[in-house]
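**Q** If you scroll down you'll find the structure; I have some questions about it.
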Amino acid sequence: MTNSHLTTPVLEPPSIRLPVIWCIGGVDSSGGAGITRDAITLANLNVHACVLTTQLTVQSNQHLLSTESMSASALNQQWQVLYEDTPPRAIKIGAIANDEQALLLCARMQSLVSPRPFVIWDPVLCSSSGGILSDLSESVIDELLTTVDLVTPNIDELAKLTHLSVNDDKSLQTAINRLVGKGAKSVYVKGGHAQWQEAVCDTYFCSSHSLYFRQPKNSKGDLRGTGCMLASAIAAFVVHDYCIEDALTLANAYVSEVRHNTLGVSDNNLPITTTSSRHKAASPPAYFARANGFPAQAASFPQVSFHCRNTVSNRNAAGVDKTPHNKKRVETALAGNAFFPALTNTKLGIYPVVDSVEWIARLWPTGVKIIQLRVKEGSQDAIRQQIKEAMELVEHTDCQLFINDHWELAIELGAYGVHLGQEDLHTADLNAIRSAGLRLGISTHGFAEIQCVRALNPSYIALGHIFPTNTKDMPSKPQGVERLAKYVKLCEGVPTVAIGGINLSRMSDVAKTGVNGIAVVSAITHAEHPLQAYKALAQEAGFA
Ligand SMILES: Cc1ncc(COP(=O)(O)OP(=O)(O)O)c(N)n1
Ligand SMILES: Cc1nc(C(=O)O)sc1CCOP(=O)(O)O
Ligand SMILES: [Mg+2]
């Protein structure tokens, strides 16, 4: 007789189809934070979480009672075994107990080969239930900062990491600069503890630009583990192939929605108490985080603003930086909370974007409700002439004519509307456009840009590019119809236009997203019979 029935069966490795993220950090026995919170967040966002434990902590929601660290060799073993069969698309690091663990992780991360996973470090130094979790020396912190892609301190952690006090916007920026000076590639500072600010303002800083994410202050209390949740959610959206700006916007919205779902309801059956060290005395009621997956409510999304640093494009020929002036224009447009005039007719249908007045002459007899003159070449006088003739053609029709780029000429001639892209926003005078009573359409390419543009209250928001296009070099990736549907929902109350690579075969999927208008260039201008093409597109979309 053999003992074969007692031997361990060799299992096939699981076929994991979800993207994988490794969470490296401490186990919080209360389940409020740490790698438990990371794993819950990732499962909620359709990511498989592997967990590498740095320490076991004995915690209630109010107290950190004890911690026991893993040896560096045990941590190394966890890394090795996982690297063999479940390599990560991203790594999220939380509490690291000591220098030995940190140096091991730095060495391991530095040896990763291409395609290197995205690495985010949430520098958890203390537990929100009170107590120190991490004891790292200065040189090891610097090594970590240069190794990871993004570090996400809160204000207190930023102050500790930089040995600076952070108590206003100026000292916040000084501390961020210090962290970057130490080698951090990019920084996202959570502003929840910034007592001096009226809203909760998170700041993202990388070499080329900064982004600011504003949410109203939550008066209903605090929730544990939101730092872990945010960093895990950022990693999740990165592995779902969102650009970093969109991943940050979505993660911010996700945490806001969980907070709202949890604190915005009163449920006396929730059994335990939560405290951060700041709320201990009040002993507030307790909440378990309630997560709903992909953020669904427009109200959960932060208001976003961009600030590009002194790039070449922001300097004029004399080398003078134009950024502050231009930024002021956008901010002034924001400050008044004023709206650009509404469209006359929001049932836009097919929106031809054409490069000459001849095309407009050819197309307006179709009954087109919106058309754009997009002239990229020619003298100022020639373009003025084109705009004038186009305006005359549509004068007694219900066709809404938008002028691309040339906002000064559009104002001078009293055109119906202007279309601007993100780059154009750096130089256009939005106040002048609005004061002149012109409608404004603005191009966007993702969640961050939409949230930036929504605050300007434009007449419509263009969403691109949905499919690959040969008409224009695009710096971003095609969005696809699934994302388009999410953008349309986020733009609630503002008319939307889809653009980029849309043709007859893709038309019905695009129309199903509920977008108000569908902009096309080549599907009409490269068609053998443009008028028939227009009609077929309109019919396919259900606009005819
Ligand atoms: C409807 C619509 N959507 C997007 C654009 C693109 O505008 P922009 O990014 O400024 O690029 P250019 O068209 O100027 O090359 C558009 N024109 N129309
Ligand atoms: C001009 C333009 N703007 C885009 C954006 O995404 O902002 S895509 C685009 C080109 C659209 O041409 P076609 O219909 O031939 O693909
Ligand atoms: Mg433009």
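Here's how to read the names in the structure tokens: chain A, B, ... by the order shown, residue numbers from 1 in each chain, ligand numbers from 1 in the order shown.
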Counting only C-alpha atoms and all ligand atoms, which protein, DNA or RNA residues come within 10 Å of ligand 1, given as a ChimeraX atom specification?
**A** /A:351-354,370-376,402-406,418-425,441-445,460-465,471-474,496-500,517-521
**Q** Show me a table, sorted first by chain and then by increasing residue number, of the residues of stretch 445-533 of chain A having an atom at most 12 Å from stretch 214-219 of chain A, each with its shortest atom pair and the distance in Å to one decimal, counting only C-alpha atoms and written as JSON lines.
**A**
{"residue": "A:Ala448", "atom": "CA", "partner": "A:Arg214", "partner_atom": "CA", "distance": 11.9}
{"residue": "A:Gln451", "atom": "CA", "partner": "A:Arg214", "partner_atom": "CA", "distance": 10.4}
{"residue": "A:Cys452", "atom": "CA", "partner": "A:Arg214", "partner_atom": "CA", "distance": 10.6}
{"residue": "A:Ala455", "atom": "CA", "partner": "A:Arg214", "partner_atom": "CA", "distance": 11.4}
**Q** Since we have the selection now, will you write its residues out, keeping N, CA and C atoms, as a short mmCIF file (atom, residue, chain, number, x, y, z; two decimals), in the first residue's frame?
**A**
data_model
loop_
_atom_site.label_atom_id
_atom_site.label_comp_id
_atom_site.auth_asym_id
_atom_site.auth_seq_id
_atom_site.Cartn_x
_atom_site.Cartn_y
_atom_site.Cartn_z
N ALA A 448 -10.41 63.84 -15.00
CA ALA A 448 -9.80 65.03 -14.39
C ALA A 448 -10.15 66.27 -15.21
N GLN A 451 -13.79 67.27 -14.77
CA GLN A 451 -14.07 67.93 -13.49
C GLN A 451 -13.53 69.35 -13.45
N CYS A 452 -12.47 69.57 -14.20
CA CYS A 452 -11.90 70.91 -14.30
C CYS A 452 -12.86 71.80 -15.11
N ALA A 455 -16.55 73.00 -13.84
CA ALA A 455 -16.59 74.18 -12.96
C ALA A 455 -16.67 75.48 -13.75
#
**Q** If we count only C-alpha atoms, what is near A:Ala49 at a cut-off of 10 Å, once residues fewer than 3 positions away on the same chain are taken out, given as an MDAnalysis selection string?
**A** chainID A and resid 18:23 35:36 38:43 46 52 86 88 91:92 232 236
**Q** Please list as a VMD selection string every residue within 7 Å of stretch 245-253 of chain A, counting only C-alpha atoms and excluding residues in the same chain fewer than 4 positions away.
**A** chain A and resid 230 233 to 234 237 to 238 257 295 300 to 302 446 to 448
**Q** Using C-alpha atoms, can you export the residues from the last selection as a tab-separated table (two decimals), in the first residue's frame?
**A**
chain	number	residue	atom	x	y	z
A	230	LEU	CA	-7.27	56.20	-1.18
A	233	ALA	CA	-7.92	52.97	-5.04
A	234	ILE	CA	-5.28	55.05	-6.88
A	237	PHE	CA	-7.44	52.79	-11.20
A	238	VAL	CA	-3.86	52.86	-12.51
A	257	GLU	CA	-18.53	58.21	-1.90
A	295	PRO	CA	-17.87	55.95	-7.99
A	300	SER	CA	-18.79	62.45	-5.16
A	301	PHE	CA	-16.28	63.85	-7.64
A	302	PRO	CA	-13.85	66.56	-6.56
A	446	GLY	CA	-10.98	61.98	-19.12
A	447	PHE	CA	-12.32	62.44	-15.60
A	448	ALA	CA	-9.80	65.03	-14.39
**Q** Within 12 Å of A:Thr226, counting only C-alpha atoms, which residues qualify if same-chain residues fewer than 6 places away don't, as a VMD selection string?
**A** chain A and resid 32 to 34 37 to 38 41 122 124 127 to 128 152 to 154 190 192 232 to 233 251 to 259 262 276 288 to 291
**Q** Write the selection just made, keeping C-alpha atoms, as a tab-separated table (two decimals), in the first residue's frame?
**A**
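Written file, selection_7.tsv:
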chain	number	residue	atom	x	y	z
A	32	GLY	CA	-10.49	49.40	9.88
A	33	ALA	CA	-7.20	50.05	8.14
A	34	GLY	CA	-4.02	48.34	6.95
A	37	ARG	CA	-8.76	47.69	4.23
A	38	ASP	CA	-6.53	47.57	1.12
A	41	THR	CA	-10.96	48.27	-1.44
A	122	ASP	CA	1.28	55.69	1.75
A	124	VAL	CA	1.70	55.45	7.47
A	127	SER	CA	-2.22	54.45	13.42
A	128	SER	CA	-5.51	56.38	13.33
A	152	THR	CA	0.73	60.02	-0.45
A	153	PRO	CA	1.28	61.65	2.96
A	154	ASN	CA	-1.35	63.52	4.92
A	190	LYS	CA	-4.18	64.63	1.56
A	192	GLY	CA	-8.08	66.54	5.36
A	232	SER	CA	-5.28	51.36	-2.85
A	233	ALA	CA	-7.92	52.97	-5.04
A	251	ALA	CA	-9.79	57.54	-6.14
A	252	ASN	CA	-10.70	60.85	-4.53
A	253	ALA	CA	-14.33	60.36	-5.68
A	254	TYR	CA	-14.31	56.76	-4.44
A	255	VAL	CA	-13.25	57.74	-0.91
A	256	SER	CA	-15.74	60.60	-0.87
A	257	GLU	CA	-18.53	58.21	-1.90
A	258	VAL	CA	-17.58	55.63	0.74
A	259	ARG	CA	-17.48	58.41	3.33
A	262	THR	CA	-21.08	55.50	5.64
A	276	SER	CA	-8.91	59.17	15.19
A	288	PHE	CA	-17.84	50.47	9.15
A	289	ALA	CA	-16.89	51.72	5.70
A	290	ARG	CA	-19.58	50.99	3.09
A	291	ALA	CA	-18.16	50.70	-0.38
**Q** Which residue out of A:Ile524, A:Ser137, A:Val81, A:Leu65 has the minimum interatomic distance to A:Asp99 when only C-alpha atoms are used?
**A** A:Ser137
**Q** Which of stretch 449-534 of chain A end up as strand (DSSP E or B) when DSSP is run on this backbone - answer as number ranges by chain?
**A** A: 460-463, 496-499, 517-520
**Q** Keeping only C-alpha atoms, write the selected residues as a JSON list (two decimals), in the first residue's frame.
**A**
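Result file follows (out_23.json):
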[["chain", "number", "residue", "atom", "x", "y", "z"],
["A", 460, "TYR", "CA", -21.26, 71.89, -23.95],
["A", 461, "ILE", "CA", -18.46, 69.48, -23.07],
["A", 462, "ALA", "CA", -16.76, 67.45, -25.82],
["A", 463, "LEU", "CA", -15.58, 63.96, -24.83],
["A", 496, "THR", "CA", -22.18, 66.47, -24.25],
["A", 497, "VAL", "CA", -20.55, 65.75, -27.60],
["A", 498, "ALA", "CA", -18.53, 62.62, -28.45],
["A", 499, "ILE", "CA", -15.64, 62.90, -30.91],
["A", 517, "GLY", "CA", -24.18, 65.19, -30.17],
["A", 518, "ILE", "CA", -21.72, 63.11, -32.17],
["A", 519, "ALA", "CA", -18.90, 65.03, -33.85],
["A", 520, "VAL", "CA", -17.26, 63.63, -36.98]]
**Q** Which is closer to ligand 3 than all the others in A:Val151, A:Leu363, A:Ala428, A:Ile244, using only C-alpha atoms and all ligand atoms?
**A**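 Of the candidates, the smallest distance to ligand 3 is held by A:Ala428.
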**Q** When you count only C-alpha atoms, which of these residues is closest to A:Pro365: A:Lys535, A:His209, A:His63, A:His307?
**A**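 Smallest distance to A:Pro365 is found for A:Lys535.
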**Q** Can you tell me, as a VMD selection string, which residues in stretch 60-284 of chain A count as helix (DSSP H, G or I) by DSSP?
**A** chain A and resid 72 to 85 99 to 110 138 to 147 155 to 162 169 to 181 191 to 193 226 to 239 244 to 263 277 to 279
**Q** For each of A:Gly378, A:Thr427, A:Val510, A:Asp135, take the minimum atom-to-atom distance to ligand 3, counting only C-alpha atoms and all ligand atoms, then give the residue where this is smallest.
**A**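 The answer is A:Thr427, which sits nearest to ligand 3.
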**Q** Grab the atom CA of A:Ser508 to atom CA of A:Phe467 distance for me, in Å with one decimal place.
**A**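 We find that atom CA of A:Ser508 and atom CA of A:Phe467 lie 13.6 Å from each other.
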**Q** How close does each residue of stretch 76-168 of chain A get to stretch 174-186 of chain A, giving the shortest atom pair and distance in Å to one decimal for every residue with an atom at most 9 Å away, counting only C-alpha atoms, sorted by chain and residue number, as JSON lines?
**A**
{"residue": "A:Asp142", "atom": "CA", "partner": "A:Lys182", "partner_atom": "CA", "distance": 6.0}
{"residue": "A:Glu143", "atom": "CA", "partner": "A:Gly183", "partner_atom": "CA", "distance": 8.2}
{"residue": "A:Leu144", "atom": "CA", "partner": "A:Ala184", "partner_atom": "CA", "distance": 8.5}
{"residue": "A:Leu145", "atom": "CA", "partner": "A:Ala184", "partner_atom": "CA", "distance": 4.7}
{"residue": "A:Thr146", "atom": "CA", "partner": "A:Gly183", "partner_atom": "CA", "distance": 4.7}
{"residue": "A:Thr147", "atom": "CA", "partner": "A:Ala184", "partner_atom": "CA", "distance": 8.0}
{"residue": "A:Val148", "atom": "CA", "partner": "A:Ala184", "partner_atom": "CA", "distance": 7.5}
{"residue": "A:Asp149", "atom": "CA", "partner": "A:Lys185", "partner_atom": "CA", "distance": 5.8}
{"residue": "A:Leu150", "atom": "CA", "partner": "A:Ser186", "partner_atom": "CA", "distance": 4.9}
{"residue": "A:Val151", "atom": "CA", "partner": "A:Ser186", "partner_atom": "CA", "distance": 6.6}
{"residue": "A:Thr152", "atom": "CA", "partner": "A:Ser186", "partner_atom": "CA", "distance": 8.9}
{"residue": "A:Leu158", "atom": "CA", "partner": "A:Ala175", "partner_atom": "CA", "distance": 6.9}
{"residue": "A:Ala159", "atom": "CA", "partner": "A:Ala175", "partner_atom": "CA", "distance": 7.1}
{"residue": "A:Leu161", "atom": "CA", "partner": "A:Leu179", "partner_atom": "CA", "distance": 7.7}
{"residue": "A:Thr162", "atom": "CA", "partner": "A:Ala175", "partner_atom": "CA", "distance": 6.2}
{"residue": "A:His163", "atom": "CA", "partner": "A:Ala175", "partner_atom": "CA", "distance": 8.5}
{"residue": "A:Leu164", "atom": "CA", "partner": "A:Ala175", "partner_atom": "CA", "distance": 6.4}
{"residue": "A:Ser165", "atom": "CA", "partner": "A:Ala175", "partner_atom": "CA", "distance": 8.1}
{"residue": "A:Val166", "atom": "CA", "partner": "A:Ala175", "partner_atom": "CA", "distance": 7.1}
**Q** Restricted to N, CA and C atoms, what would the selected residues look like written as a compact mmCIF listing (two decimals), in the first residue's frame?
**A**
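again-v6.txt, written as the output of this step:
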# COMPACT_ATOMS: atom_id res chain seq x y z
N ASP A 142 14.65 58.55 2.61
CA ASP A 142 15.09 59.12 1.32
C ASP A 142 15.18 58.04 0.25
N GLU A 143 15.69 56.87 0.65
CA GLU A 143 15.81 55.76 -0.30
C GLU A 143 14.41 55.34 -0.81
N LEU A 144 13.46 55.28 0.12
CA LEU A 144 12.09 54.93 -0.27
C LEU A 144 11.52 55.97 -1.23
N LEU A 145 11.74 57.25 -0.88
CA LEU A 145 11.17 58.32 -1.70
C LEU A 145 11.67 58.25 -3.13
N THR A 146 12.95 57.90 -3.31
CA THR A 146 13.49 57.87 -4.68
C THR A 146 13.07 56.59 -5.41
N THR A 147 12.64 55.57 -4.66
CA THR A 147 12.33 54.28 -5.29
C THR A 147 10.88 54.21 -5.77
N VAL A 148 9.96 54.83 -5.02
CA VAL A 148 8.55 54.67 -5.38
C VAL A 148 8.14 55.71 -6.44
N ASP A 149 6.97 55.48 -7.07
CA ASP A 149 6.50 56.42 -8.10
C ASP A 149 5.69 57.56 -7.51
N LEU A 150 4.96 57.25 -6.45
CA LEU A 150 4.07 58.26 -5.85
C LEU A 150 4.03 58.05 -4.35
N VAL A 151 4.13 59.16 -3.60
CA VAL A 151 4.02 59.08 -2.14
C VAL A 151 2.81 59.90 -1.72
N THR A 152 2.02 59.38 -0.77
CA THR A 152 0.73 60.02 -0.45
C THR A 152 0.60 60.37 1.05
N LEU A 158 3.45 64.61 6.13
CA LEU A 158 4.33 65.46 5.33
C LEU A 158 5.25 66.27 6.25
N ALA A 159 4.66 66.79 7.33
CA ALA A 159 5.46 67.57 8.29
C ALA A 159 6.55 66.70 8.91
N LEU A 161 7.88 63.88 7.67
CA LEU A 161 8.87 63.44 6.67
C LEU A 161 9.86 64.54 6.32
N THR A 162 9.39 65.80 6.42
CA THR A 162 10.25 66.91 5.97
C THR A 162 10.83 67.72 7.14
N HIS A 163 10.38 67.43 8.38
CA HIS A 163 10.77 68.22 9.56
C HIS A 163 10.40 69.69 9.40
N LEU A 164 9.29 69.93 8.74
CA LEU A 164 8.81 71.31 8.57
C LEU A 164 7.42 71.41 9.16
N SER A 165 7.08 72.60 9.69
CA SER A 165 5.69 72.71 10.11
C SER A 165 4.85 73.15 8.90
N VAL A 166 3.69 72.55 8.78
CA VAL A 166 2.83 72.83 7.63
C VAL A 166 1.53 73.40 8.16
